[in-house]
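Here's the structure, in structure tokens; my notes come after.
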Amino acid sequence: ERRQKQQRRSFVVGASAKQETVDQRTIQEEIESNIAVLTRAADTKQEDSDEVYEALVNLEQQMRTAAKLDDSLAVQMLEQLTGEWRLIFTTGTANTQKRRGGQRINYFPIKAVQSFDTTVTPNQIENGIYLGDFEALKFQGDMEFDLKKRRLNFDFNSIQLLNGLWNIPLKKGEAASLGAKSGLGSESNVANASKKEKSAFFNWISADQNIATARGGGGGLALWKRIK
């Protein structure tokens, strides 16, 4: 009887492990399908905006599930994050969408590049806005990555104007306020920045050799293309 119980227990454990393997394989196939759509969108800017949006939403859900099955995904994502990324597509924050009558922003019309460096302490973040190839302004600051939540918390502490001609120190929360007023940030980031225990953040979805995706503190989804 004891042997039968052990056999039944082994069967249940084995069946559970087999089902988990099948689930992981299915999720991985779905992830790869959505990554393919987003990679094409980043390369060509020709993919249908609604399809890109759906791929972002689906990928977010799939990566959340995959991360529960594989703890190493967050570490792999962080390792890929260092580099320079051009913003390709954004749905805009919830407030921005309201101001536009519910219309989502899609392919980003100007050159905006975010840089992340996880090889230094503290980790560094930069956000540059360009007129053509001329860097009109660049925010700089510190960041930290919460592996458990896959959340990138950050705060900008300086802004450079006209390709570094002027460097202006920023107090806590000032960058978030400027971003919200310009439409590039969110009011929730302003609220977070005003609290000592909170900062602006991205809930990171994915990052690989070609593209990165995340949801901002204001609720907007974003797609970046690696340029360096």
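Labels for the structure tokens follow display order: chains A, B, ..., residues from 1 in each chain, ligands from 1.
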
Write out as CSV the residues of stretch 47-116 of chain A that have any atom within 6 Å of an atom of stretch 217-228 of chain A, one row each with the nearest atom pair and its distance in Å to one decimal, counting only C-alpha atoms, sorted by chain and then rising number.
```
residue,atom,partner,partner_atom,distance
A:Gly83,CA,A:Lys228,CA,5.5
A:Glu84,CA,A:Lys228,CA,5.0
A:Trp85,CA,A:Arg226,CA,4.4
A:Arg86,CA,A:Lys225,CA,5.2
A:Leu87,CA,A:Trp224,CA,4.4
A:Ile88,CA,A:Trp224,CA,5.2
A:Phe89,CA,A:Leu223,CA,5.1
A:Thr90,CA,A:Ala222,CA,4.4
A:Thr91,CA,A:Gly220,CA,5.3
A:Gly92,CA,A:Gly220,CA,4.9
A:Thr93,CA,A:Gly220,CA,4.4
A:Ala94,CA,A:Gly219,CA,5.9
```

Taking only C-alpha atoms into account, produce a table as CSV in which each residue of stretch 53-72 of chain A with an atom at most 12 Å from an atom of stretch 42-47 of chain A appears once, together with its shortest atom pair and the distance in Å to one decimal, ordered by chain and rising number.
```
residue,atom,partner,partner_atom,distance
A:Tyr53,CA,A:Glu47,CA,10.2
A:Glu54,CA,A:Glu47,CA,11.6
A:Ala55,CA,A:Glu47,CA,10.9
```

Inset, instruction - Can you work out which one of A:Thr39, A:Asn123, A:Ser158, A:Thr26 has the shortest atom-to-atom distance to A:Gln62, counting only C-alpha atoms? - result: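 With only C-alpha atoms as the atom set, the closest residue is A:Thr26.
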
Legend entry - Residue among A:Thr121, A:Thr82, A:Asp23, A:Leu137 lying closest to A:Gln209, counting only C-alpha atoms: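 Closest candidate: A:Thr82.
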
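When only C-alpha atoms are used to compute distances to A:Ile27, the closest of the residues A:Val57, A:Asp50, A:Met63, A:Gly216 turns out to be A:Met63.
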
Legend entry - Neighbour list for A:Ile35 as a list in words, cut-off 10 Å, only C-alpha atoms, skip fewer than 4 positions in-chain: Glu29, Glu30, Ile31, Thr39, Arg40, Ala41, Val52, Ala55, Leu56, Leu59, Ser206, Asp208, Asn210, Ile211, Ala212 and Thr213 of chain A

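The two atoms in question, atom CA of A:Ile205 and atom CA of A:Thr119, are spaced 20.5 Å apart.
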
Inset, instruction - Choose the residue, out of A:Asn106, A:Phe202, A:Pro122, A:Gly141, that has the smallest atom-to-atom separation from A:Asn153; count only C-alpha atoms. - result: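 Closest residue, counting only C-alpha atoms: A:Phe202.
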